[in-house]
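This is coords.pdb (PDB, C-alpha atoms).
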MODEL        1
ATOM      1  CA  LEU A   1       0.000   0.000   0.000
ATOM      2  CA  THR A   2       1.096   3.578  -0.523
ATOM      3  CA  GLN A   3       3.062   5.359   2.151
ATOM      4  CA  GLY A   4       1.989   8.058   4.622
ATOM      5  CA  ASN A   5      -1.587   9.188   5.063
ATOM      6  CA  GLN A   6      -2.553   7.695   1.713
ATOM      7  CA  ALA A   7      -1.994   4.256   3.187
ATOM      8  CA  ARG A   8      -4.874   4.790   5.581
ATOM      9  CA  LYS A   9      -7.358   6.254   3.130
ATOM     10  CA  ARG A  10     -10.510   4.232   2.799
ATOM     11  CA  ALA A  11     -10.855   2.679  -0.628
ATOM     12  CA  PRO A  12     -14.198   3.230  -2.375
ATOM     13  CA  LEU A  13     -16.965   0.838  -1.341
ATOM     14  CA  TYR A  14     -18.587  -1.015  -4.223
ATOM     15  CA  ILE A  15     -20.850  -4.019  -4.528
ATOM     16  CA  MET A  16     -18.661  -6.351  -6.532
ATOM     17  CA  ASP A  17     -19.484  -9.736  -7.994
ATOM     18  CA  MET A  18     -17.088 -12.001  -6.112
ATOM     19  CA  ALA A  19     -18.835 -15.305  -6.793
ATOM     20  CA  ASP A  20     -15.866 -16.633  -8.758
ATOM     21  CA  VAL A  21     -13.376 -15.520  -6.100
ATOM     22  CA  CYS A  22     -14.984 -16.240  -2.724
ATOM     23  CA  PRO A  23     -14.241 -19.705  -1.296
ATOM     24  CA  GLY A  24     -17.820 -20.259  -0.060
ATOM     25  CA  SER A  25     -19.420 -20.795   3.332
ATOM     26  CA  PRO A  26     -21.873 -23.373   4.717
ATOM     27  CA  ALA A  27     -23.609 -20.681   6.800
ATOM     28  CA  LEU A  28     -26.845 -19.129   5.565
ATOM     29  CA  ILE A  29     -25.980 -15.615   6.794
ATOM     30  CA  TYR A  30     -22.360 -14.644   7.348
ATOM     31  CA  PRO A  31     -19.929 -11.691   7.052
ATOM     32  CA  ARG A  32     -17.849 -11.393   3.895
ATOM     33  CA  VAL A  33     -15.433  -8.840   2.460
ATOM     34  CA  GLY A  34     -14.075  -8.591  -1.060
ATOM     35  CA  VAL A  35     -11.239  -6.324  -2.203
ATOM     36  CA  ILE A  36      -9.474  -5.360  -5.406
ATOM     37  CA  VAL A  37      -5.811  -4.479  -4.929
ATOM     38  CA  ARG A  38      -3.266  -3.101  -7.387
ATOM     39  CA  ALA A  39       0.391  -3.874  -6.772
ATOM     40  CA  GLU A  40       3.491  -2.365  -8.328
ATOM     41  CA  ALA A  41       4.999  -5.808  -8.837
ATOM     42  CA  SER A  42       4.315  -8.966 -10.777
ATOM     43  CA  CYS A  43       1.569 -11.290  -9.591
ATOM     44  CA  SER A  44       4.144 -14.002  -8.926
ATOM     45  CA  GLN A  45       6.012 -11.640  -6.593
ATOM     46  CA  VAL A  46       2.797 -10.772  -4.754
ATOM     47  CA  ALA A  47       1.871 -14.441  -4.337
ATOM     48  CA  ALA A  48       5.393 -15.289  -3.202
ATOM     49  CA  GLU A  49       5.256 -12.650  -0.448
ATOM     50  CA  MET A  50       1.898 -13.948   0.776
ATOM     51  CA  LEU A  51       3.152 -17.528   0.811
ATOM     52  CA  ALA A  52       6.312 -16.486   2.654
ATOM     53  CA  ARG A  53       4.211 -14.983   5.425
ATOM     54  CA  VAL A  54       1.991 -18.043   5.728
ATOM     55  CA  ARG A  55       4.948 -20.437   5.688
ATOM     56  CA  GLY A  56       6.996 -18.221   7.985
ATOM     57  CA  GLN A  57       4.712 -18.797  10.966
ATOM     58  CA  PRO A  58       5.351 -18.578  13.816
ATOM     59  CA  ALA A  59       9.077 -17.804  13.923
ATOM     60  CA  ALA A  60       9.637 -15.445  10.979
ATOM     61  CA  TRP A  61       6.140 -13.951  10.724
ATOM     62  CA  GLY A  62       3.022 -13.867  12.856
ATOM     63  CA  ASP A  63      -0.572 -12.681  12.710
ATOM     64  CA  PRO A  64      -0.926  -9.504  14.846
ATOM     65  CA  HIS A  65      -4.044 -11.015  16.451
ATOM     66  CA  GLY A  66      -2.490 -14.374  17.234
ATOM     67  CA  GLY A  67      -4.323 -16.300  14.543
ATOM     68  CA  THR A  68      -2.888 -19.027  12.351
ATOM     69  CA  TYR A  69      -2.947 -19.138   8.561
ATOM     70  CA  LYS A  70      -2.887 -22.409   6.647
ATOM     71  CA  LEU A  71      -2.392 -22.876   2.913
ATOM     72  CA  ILE A  72      -5.195 -25.002   1.417
ATOM     73  CA  ASP A  73      -4.591 -24.745  -2.316
ATOM     74  CA  GLU A  74      -2.006 -23.106  -4.558
ATOM     75  CA  SER A  75      -1.979 -22.538  -8.307
ATOM     76  CA  PRO A  76      -0.420 -19.898 -10.605
ATOM     77  CA  ASP A  77      -3.619 -17.821 -10.588
ATOM     78  CA  ARG A  78      -5.149 -18.595  -7.185
ATOM     79  CA  LEU A  79      -4.316 -19.047  -3.515
ATOM     80  CA  GLU A  80      -6.755 -20.467  -0.973
ATOM     81  CA  VAL A  81      -5.992 -20.043   2.714
ATOM     82  CA  THR A  82      -7.717 -20.508   6.044
ATOM     83  CA  ARG A  83      -7.198 -18.456   9.174
ATOM     84  CA  THR A  84      -8.020 -19.828  12.609
ATOM     85  CA  THR A  85      -8.431 -17.480  15.570
ATOM     86  CA  GLY A  86      -5.980 -17.619  18.451
ATOM     87  CA  ASP A  87      -8.500 -19.397  20.670
ATOM     88  CA  GLU A  88      -9.111 -21.918  17.843
ATOM     89  CA  LYS A  89     -12.878 -21.318  17.987
ATOM     90  CA  TYR A  90     -13.378 -19.940  14.479
ATOM     91  CA  THR A  91     -11.846 -20.589  11.079
ATOM     92  CA  ASP A  92     -12.400 -18.279   8.106
ATOM     93  CA  LYS A  93     -11.686 -19.084   4.483
ATOM     94  CA  LEU A  94     -10.063 -16.629   2.106
ATOM     95  CA  ALA A  95      -8.952 -16.697  -1.520
ATOM     96  CA  PHE A  96      -6.737 -14.557  -3.744
ATOM     97  CA  GLN A  97      -7.422 -14.563  -7.474
ATOM     98  CA  PHE A  98      -4.677 -13.392  -9.854
ATOM     99  CA  PRO A  99      -5.168 -12.625 -13.550
ATOM    100  CA  SER A 100      -3.938 -15.279 -15.965
ATOM    101  CA  SER A 101      -1.790 -12.664 -17.715
ATOM    102  CA  SER A 102      -0.158  -9.594 -16.175
ATOM    103  CA  SER A 103       2.888  -7.406 -16.633
ATOM    104  CA  SER A 104       6.112  -7.785 -14.735
ATOM    105  CA  SER A 105       5.627  -4.406 -13.057
ATOM    106  CA  GLN A 106       1.937  -4.378 -12.091
ATOM    107  CA  CYS A 107      -0.653  -6.830 -10.821
ATOM    108  CA  GLU A 108      -4.314  -6.190 -10.013
ATOM    109  CA  PHE A 109      -5.754  -9.051  -8.008
ATOM    110  CA  ARG A 110      -9.047  -9.773  -6.259
ATOM    111  CA  ALA A 111      -9.478 -11.319  -2.844
ATOM    112  CA  CYS A 112     -12.345 -12.464  -0.654
ATOM    113  CA  SER A 113     -12.649 -13.649   2.940
ATOM    114  CA  GLU A 114     -15.744 -15.333   4.373
ATOM    115  CA  SER A 115     -16.782 -16.456   7.846
ATOM    116  CA  GLN A 116     -17.820 -20.084   8.053
ATOM    117  CA  VAL A 117     -20.447 -19.717  10.772
ATOM    118  CA  PHE A 118     -23.614 -17.674  11.191
ATOM    119  CA  GLY A 119     -23.066 -14.011  11.953
ATOM    120  CA  ILE A 120     -23.549 -10.422  10.812
ATOM    121  CA  ALA A 121     -20.831  -8.229  12.374
ATOM    122  CA  ASP A 122     -17.230  -9.422  12.228
ATOM    123  CA  PHE A 123     -15.245  -6.525  13.785
ATOM    124  CA  SER A 124     -13.183  -6.223  10.565
ATOM    125  CA  THR A 125     -11.869  -9.779  10.922
ATOM    126  CA  ASN A 126     -12.489 -10.850   7.331
ATOM    127  CA  TYR A 127     -10.929  -7.686   5.963
ATOM    128  CA  CYS A 128      -7.872  -8.082   8.189
ATOM    129  CA  ASN A 129      -7.553 -11.746   7.195
ATOM    130  CA  MET A 130      -6.586 -10.539   3.714
ATOM    131  CA  TYR A 131      -4.982  -7.195   4.565
ATOM    132  CA  ASN A 132      -2.342  -8.706   6.841
ATOM    133  CA  LEU A 133      -1.046 -10.838   3.974
ATOM    134  CA  TYR A 134      -0.408  -7.950   1.569
ATOM    135  CA  CYS A 135       0.181  -4.828   3.695
ATOM    136  CA  GLY A 136       3.699  -3.423   3.986
ATOM    137  CA  SER A 137       6.043  -1.950   6.575
ATOM    138  CA  PRO A 138       4.680   1.632   6.119
ATOM    139  CA  GLU A 139       1.411   0.251   7.517
ATOM    140  CA  GLY A 140       3.201  -1.474  10.398
ATOM    141  CA  CYS A 141       3.276  -4.930   8.807
ATOM    142  CA  ARG A 142       6.228  -7.309   8.652
ATOM    143  CA  THR A 143       7.360  -8.270   5.156
ATOM    144  CA  GLN A 144       9.301 -11.421   4.318
ATOM    145  CA  LEU A 145      10.775 -11.387   0.820
ATOM    146  CA  GLN A 146      10.435  -7.807  -0.393
ATOM    147  CA  GLU A 147       8.543  -4.584   0.137
ATOM    148  CA  LEU A 148       5.569  -4.374  -2.219
ATOM    149  CA  ARG A 149       3.812  -1.103  -2.972
ATOM    150  CA  MET A 150       0.070  -1.674  -3.189
ATOM    151  CA  VAL A 151      -3.116   0.364  -3.278
ATOM    152  CA  GLU A 152      -6.622  -0.869  -2.609
ATOM    153  CA  VAL A 153      -8.853  -0.068  -5.558
ATOM    154  CA  SER A 154     -12.107  -0.993  -3.836
ATOM    155  CA  ARG A 155     -13.651  -2.832  -0.892
ATOM    156  CA  SER A 156     -16.971  -4.649  -0.879
ATOM    157  CA  PRO A 157     -18.168  -5.684   2.608
ATOM    158  CA  THR A 158     -21.490  -7.265   3.486
ATOM    159  CA  LEU A 159     -23.823  -5.411   5.841
ATOM    160  CA  GLY A 160     -22.055  -6.021   9.173
ATOM    161  CA  ALA A 161     -18.526  -6.663   7.925
ATOM    162  CA  GLY A 162     -16.017  -3.995   8.934
ATOM    163  CA  THR A 163     -13.072  -2.633   6.951
ATOM    164  CA  ASP A 164     -11.095  -0.784   9.604
ATOM    165  CA  VAL A 165      -7.406  -0.689   8.630
ATOM    166  CA  ASP A 166      -6.185   0.375  12.072
ATOM    167  CA  SER A 167      -7.681  -2.682  13.768
ATOM    168  CA  CYS A 168      -5.679  -5.011  11.519
ATOM    169  CA  VAL A 169      -2.269  -4.226  12.985
ATOM    170  CA  SER A 170      -3.181  -2.741  16.381
ATOM    171  CA  GLY A 171      -4.133  -6.017  18.045
ATOM    172  CA  GLN A 172      -7.593  -4.637  18.848
ATOM    173  CA  ARG A 173     -10.795  -5.039  16.870
ATOM    174  CA  SER A 174     -13.440  -2.420  16.107
ATOM    175  CA  LEU A 175     -16.677  -2.702  14.170
ATOM    176  CA  GLY A 176     -15.196  -0.609  11.374
ATOM    177  CA  LEU A 177     -18.574   0.087   9.765
ATOM    178  CA  THR A 178     -19.424   2.988   7.502
ATOM    179  CA  TRP A 179     -22.178   5.429   8.537
ATOM    180  CA  GLY A 180     -24.561   3.833   6.050
ATOM    181  CA  GLN A 181     -23.838   0.314   7.287
ATOM    182  CA  SER A 182     -24.424   1.389  10.895
ATOM    183  CA  VAL A 183     -27.768   2.993  10.061
ATOM    184  CA  VAL A 184     -29.000  -0.095   8.205
ATOM    185  CA  LEU A 185     -27.706  -2.463  10.886
ATOM    186  CA  ILE A 186     -29.491  -0.509  13.638
ATOM    187  CA  SER A 187     -32.655  -0.195  11.562
ATOM    188  CA  ILE A 188     -33.119  -3.941  11.094
ATOM    189  CA  PRO A 189     -34.051  -4.815  14.715
ATOM    190  CA  VAL A 190     -36.210  -1.680  14.942
ATOM    191  CA  LEU A 191     -38.136  -2.651  11.810
ATOM    192  CA  LEU A 192     -38.495  -6.234  13.043
ATOM    193  CA  LEU A 193     -39.851  -5.000  16.362
ATOM    194  CA  PHE A 194     -42.284  -2.699  14.571
ATOM    195  CA  PHE A 195     -43.427  -5.583  12.368
ATOM    196  CA  CYS A 196     -43.991  -7.838  15.385
ATOM    197  CA  VAL A 197     -45.975  -5.154  17.211
ATOM    198  CA  CYS A 198     -48.181  -4.590  14.130
ATOM    199  CA  CYS A 199     -48.820  -8.323  13.753
ATOM    200  CA  CYS A 200     -49.664  -8.754  17.431
ATOM    201  CA  THR A 201     -52.008  -5.744  17.337
ATOM    202  CA  ARG A 202     -53.802  -7.107  14.287
ATOM    203  CA  LEU A 203     -54.143 -10.576  15.795
ATOM    204  CA  CYS A 204     -55.565  -9.122  18.999
ATOM    205  CA  ARG A 205     -58.176  -7.162  17.063
ATOM    206  CA  LEU A 206     -59.189 -10.252  15.095
ATOM    207  CA  ALA A 207     -59.487 -12.245  18.309
ATOM    208  CA  ARG A 208     -61.761  -9.627  19.867
ATOM    209  CA  ARG A 209     -64.062  -9.628  16.827
ATOM    210  CA  ARG A 210     -64.526 -13.353  17.179
TER     211      ARG A 210
ENDMDL
END

Starting from the coordinates I provided, produce the structure as structure tokens.
Amino acid sequence: LTQGNQARKRAPLYIMDMADVCPGSPALIYPRVGVIVRAEASCSQVAAEMLARVRGQPAAWGDPHGGTYKLIDESPDRLEVTRTTGDEKYTDKLAFQFPSSSSSSQCEFRACSESQVFGIADFSTNYCNMYNLYCGSPEGCRTQLQELRMVEVSRSPTLGAGTDVDSCVSGQRSLGLTWGQSVVLISIPVLLLFFCVCCCTRLCRLARRR
């Protein structure tokens, strides 16, 4: 990612079609985050840095939150990884999709991380699952093979999924929701309560008529 304040700028939020990138989840409702990242390096260099971090655990490299990454599948255009929380209660799946053809100086790849259990809010966990494998030393991350300059083109979180950069390397989690996400998330229980009250009121009136 770019240096200085630009490194902490929020990338635009878009609703992207990540069906061909996301690894999938057995849960019916779950948090998910997709990103598009542009690197000033070849895709093979980007993949090599990610693999070096995963394979460097725990001595050479470590997840800031104490989690453990595990490589599931590797091919020239795709990496599939899991990340298990430090308490070993939850395991998320994430995938990185690289273009089949790219230049030796630039690579634009897509990535997606998904929770594997029911949930709505994830305290930026899915975003950080990916971010911590491609961020650089200007962002406070430890690199293994080489420093890669990257910029996030876009982020696409589900309703309760956060995208707070600071929580990724600080060791502390925050909801990391946009204003719009927060409004919608708060509105859902209010609307459900209103719906229940209306239904109960209508049922009571029907019962009295009988």

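In this structure, CA of Val21 in chain A sits 14.0 Å away from CA of Pro157 in chain A.
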
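When only C-alpha atoms are used to measure the gap to Val81 in chain A, the shortest distance among A:Ser42, A:Ile120, A:Pro23, A:Pro31 belongs to A:Pro23.
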
Find the spatial neighbours of Ala39 in chain A, counting only C-alpha atoms, within a cut-off of 9 Å - ignore same-chain residues fewer than 3 positions away - and output them as a list in words.
-> Leu1, Ser42, Cys43, Val46, Ser105, Gln106, Cys107, Glu108, Phe109, Leu148, Arg149, Met150, Val151 and Glu152 of chain A

Hey, what comes out of the PyMOL selection byres ((chain A and resi 91) around 12) on this file? Could you write it as a list in words?
-> Ser25, Gly67, Thr68, Tyr69, Lys70, Val81, Thr82, Arg83, Thr84, Thr85, Gly86, Asp87, Glu88, Lys89, Tyr90, Asp92, Lys93, Leu94, Ser113, Glu114, Ser115, Gln116, Val117, Thr125, Asn126 and Asn129 of chain A

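Between CA of Asn132 in chain A and CA of Thr158 in chain A there is a distance of 19.5 Å.
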
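Of the listed residues (A:Cys204, A:Leu79, A:Val37, A:Cys112), A:Val37 comes nearest to Tyr134 in chain A; the distances count only C-alpha atoms.
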
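Taking only C-alpha atoms into account, Pro64 in chain A lies nearest to A:Cys128 out of the set A:Ala48, A:Cys199, A:Val33, A:Cys128.
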
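Computed from the coordinates, the CA of Asp77 in chain A to CA of Leu133 in chain A distance equals 16.4 Å.
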
Which is closer to Ala111 in chain A than all the others in A:Arg55, A:Trp61, A:Gly34, A:Thr201, using only C-alpha atoms?
-> A:Gly34

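Using all atoms listed in the file, the nearest neighbour of Ser103 in chain A within the list A:Arg155, A:His65, A:Arg142, A:Arg38 is A:Arg38.
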
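Shortest separation to Asp20 in chain A among A:Cys168, A:Cys200, A:Ala95, A:Ala41 occurs at residue A:Ala95, atoms counted being only C-alpha atoms.
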
Taking the file above as input, evaluate the PyMOL selection byres ((chain A and resi 147) around 9) and report the hits as number ranges by chain.
-> A: 49, 136-137, 143-146, 148-149

Export of the given selection (C-alpha atoms) as a PDB file, in the coordinates of the input:
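Printed below is out-v6.pdb as written:
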ATOM      1  CA  GLU A  49       5.256 -12.650  -0.448  1.00  0.00           C
ATOM      2  CA  GLY A 136       3.699  -3.423   3.986  1.00  0.00           C
ATOM      3  CA  SER A 137       6.043  -1.950   6.575  1.00  0.00           C
ATOM      4  CA  THR A 143       7.360  -8.270   5.156  1.00  0.00           C
ATOM      5  CA  GLN A 144       9.301 -11.421   4.318  1.00  0.00           C
ATOM      6  CA  LEU A 145      10.775 -11.387   0.820  1.00  0.00           C
ATOM      7  CA  GLN A 146      10.435  -7.807  -0.393  1.00  0.00           C
ATOM      8  CA  LEU A 148       5.569  -4.374  -2.219  1.00  0.00           C
ATOM      9  CA  ARG A 149       3.812  -1.103  -2.972  1.00  0.00           C
TER      10      ARG A 149
END

Any chance you could work out the residue set of the PyMOL selection byres ((chain A and resi 160) around 7) here, as a PDB file with C-alpha atoms, keeping the file's coordinate frame?
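Output contents, as saved in part01.pdb:
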ATOM      1  CA  PRO A  31     -19.929 -11.691   7.052  1.00  0.00           C
ATOM      2  CA  ILE A 120     -23.549 -10.422  10.812  1.00  0.00           C
ATOM      3  CA  ALA A 121     -20.831  -8.229  12.374  1.00  0.00           C
ATOM      4  CA  ASP A 122     -17.230  -9.422  12.228  1.00  0.00           C
ATOM      5  CA  THR A 158     -21.490  -7.265   3.486  1.00  0.00           C
ATOM      6  CA  LEU A 159     -23.823  -5.411   5.841  1.00  0.00           C
ATOM      7  CA  ALA A 161     -18.526  -6.663   7.925  1.00  0.00           C
ATOM      8  CA  GLY A 162     -16.017  -3.995   8.934  1.00  0.00           C
ATOM      9  CA  GLN A 181     -23.838   0.314   7.287  1.00  0.00           C
ATOM     10  CA  LEU A 185     -27.706  -2.463  10.886  1.00  0.00           C
TER      11      LEU A 185
END

Please define a box with edges along x, y and z of the file around all atoms of range 159-170 of chain A given in the file, extend it by 8 Å on each side, and return its centre and edge lengths in Å to one decimal, as JSON.
{"center_x": -13.0, "center_y": -3.1, "center_z": 11.1, "size_x": 37.6, "size_y": 23.0, "size_z": 26.5}

At the level of N, CA, C and O atoms, write range 71-85 of chain A to a file as a PDB file, in the first residue's frame, please.
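Produced file decode.pdb, reproduced below:
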ATOM      1  N   LEU A  71      -2.215 -22.811   4.362  1.00  0.00           N
ATOM      2  CA  LEU A  71      -2.392 -22.876   2.913  1.00  0.00           C
ATOM      3  C   LEU A  71      -3.217 -24.110   2.562  1.00  0.00           C
ATOM      4  O   LEU A  71      -2.884 -25.233   2.950  1.00  0.00           O
ATOM      5  N   ILE A  72      -4.306 -23.903   1.818  1.00  0.00           N
ATOM      6  CA  ILE A  72      -5.195 -25.002   1.417  1.00  0.00           C
ATOM      7  C   ILE A  72      -4.958 -25.419  -0.024  1.00  0.00           C
ATOM      8  O   ILE A  72      -4.908 -26.598  -0.349  1.00  0.00           O
ATOM      9  N   ASP A  73      -4.798 -24.433  -0.904  1.00  0.00           N
ATOM     10  CA  ASP A  73      -4.591 -24.745  -2.316  1.00  0.00           C
ATOM     11  C   ASP A  73      -3.755 -23.647  -2.962  1.00  0.00           C
ATOM     12  O   ASP A  73      -3.912 -22.467  -2.633  1.00  0.00           O
ATOM     13  N   GLU A  74      -2.890 -24.048  -3.885  1.00  0.00           N
ATOM     14  CA  GLU A  74      -2.006 -23.106  -4.558  1.00  0.00           C
ATOM     15  C   GLU A  74      -1.924 -23.429  -6.035  1.00  0.00           C
ATOM     16  O   GLU A  74      -1.722 -24.579  -6.426  1.00  0.00           O
ATOM     17  N   SER A  75      -2.129 -22.409  -6.860  1.00  0.00           N
ATOM     18  CA  SER A  75      -1.979 -22.538  -8.307  1.00  0.00           C
ATOM     19  C   SER A  75      -1.430 -21.217  -8.833  1.00  0.00           C
ATOM     20  O   SER A  75      -1.407 -20.226  -8.095  1.00  0.00           O
ATOM     21  N   PRO A  76      -0.990 -21.145 -10.086  1.00  0.00           N
ATOM     22  CA  PRO A  76      -0.420 -19.898 -10.605  1.00  0.00           C
ATOM     23  C   PRO A  76      -1.365 -18.698 -10.532  1.00  0.00           C
ATOM     24  O   PRO A  76      -0.907 -17.556 -10.424  1.00  0.00           O
ATOM     25  N   ASP A  77      -2.678 -18.945 -10.588  1.00  0.00           N
ATOM     26  CA  ASP A  77      -3.619 -17.821 -10.588  1.00  0.00           C
ATOM     27  C   ASP A  77      -4.529 -17.770  -9.363  1.00  0.00           C
ATOM     28  O   ASP A  77      -5.446 -16.956  -9.311  1.00  0.00           O
ATOM     29  N   ARG A  78      -4.261 -18.602  -8.349  1.00  0.00           N
ATOM     30  CA  ARG A  78      -5.149 -18.595  -7.185  1.00  0.00           C
ATOM     31  C   ARG A  78      -4.462 -19.181  -5.945  1.00  0.00           C
ATOM     32  O   ARG A  78      -3.738 -20.178  -6.037  1.00  0.00           O
ATOM     33  N   LEU A  79      -4.745 -18.527  -4.819  1.00  0.00           N
ATOM     34  CA  LEU A  79      -4.316 -19.047  -3.515  1.00  0.00           C
ATOM     35  C   LEU A  79      -5.542 -19.163  -2.623  1.00  0.00           C
ATOM     36  O   LEU A  79      -6.355 -18.241  -2.567  1.00  0.00           O
ATOM     37  N   GLU A  80      -5.677 -20.288  -1.943  1.00  0.00           N
ATOM     38  CA  GLU A  80      -6.755 -20.467  -0.973  1.00  0.00           C
ATOM     39  C   GLU A  80      -6.130 -20.753   0.386  1.00  0.00           C
ATOM     40  O   GLU A  80      -5.265 -21.628   0.514  1.00  0.00           O
ATOM     41  N   VAL A  81      -6.587 -19.996   1.382  1.00  0.00           N
ATOM     42  CA  VAL A  81      -5.992 -20.043   2.714  1.00  0.00           C
ATOM     43  C   VAL A  81      -7.098 -20.051   3.755  1.00  0.00           C
ATOM     44  O   VAL A  81      -8.200 -19.549   3.511  1.00  0.00           O
ATOM     45  N   THR A  82      -6.812 -20.630   4.903  1.00  0.00           N
ATOM     46  CA  THR A  82      -7.717 -20.508   6.044  1.00  0.00           C
ATOM     47  C   THR A  82      -6.993 -19.755   7.149  1.00  0.00           C
ATOM     48  O   THR A  82      -5.757 -19.749   7.207  1.00  0.00           O
ATOM     49  N   ARG A  83      -7.769 -19.098   7.992  1.00  0.00           N
ATOM     50  CA  ARG A  83      -7.198 -18.456   9.174  1.00  0.00           C
ATOM     51  C   ARG A  83      -8.029 -18.835  10.382  1.00  0.00           C
ATOM     52  O   ARG A  83      -9.247 -18.632  10.408  1.00  0.00           O
ATOM     53  N   THR A  84      -7.367 -19.408  11.370  1.00  0.00           N
ATOM     54  CA  THR A  84      -8.020 -19.828  12.609  1.00  0.00           C
ATOM     55  C   THR A  84      -7.670 -18.840  13.717  1.00  0.00           C
ATOM     56  O   THR A  84      -6.509 -18.437  13.842  1.00  0.00           O
ATOM     57  N   THR A  85      -8.655 -18.440  14.492  1.00  0.00           N
ATOM     58  CA  THR A  85      -8.431 -17.480  15.570  1.00  0.00           C
ATOM     59  C   THR A  85      -7.506 -18.071  16.633  1.00  0.00           C
ATOM     60  O   THR A  85      -7.340 -19.287  16.736  1.00  0.00           O
TER      61      THR A  85
END
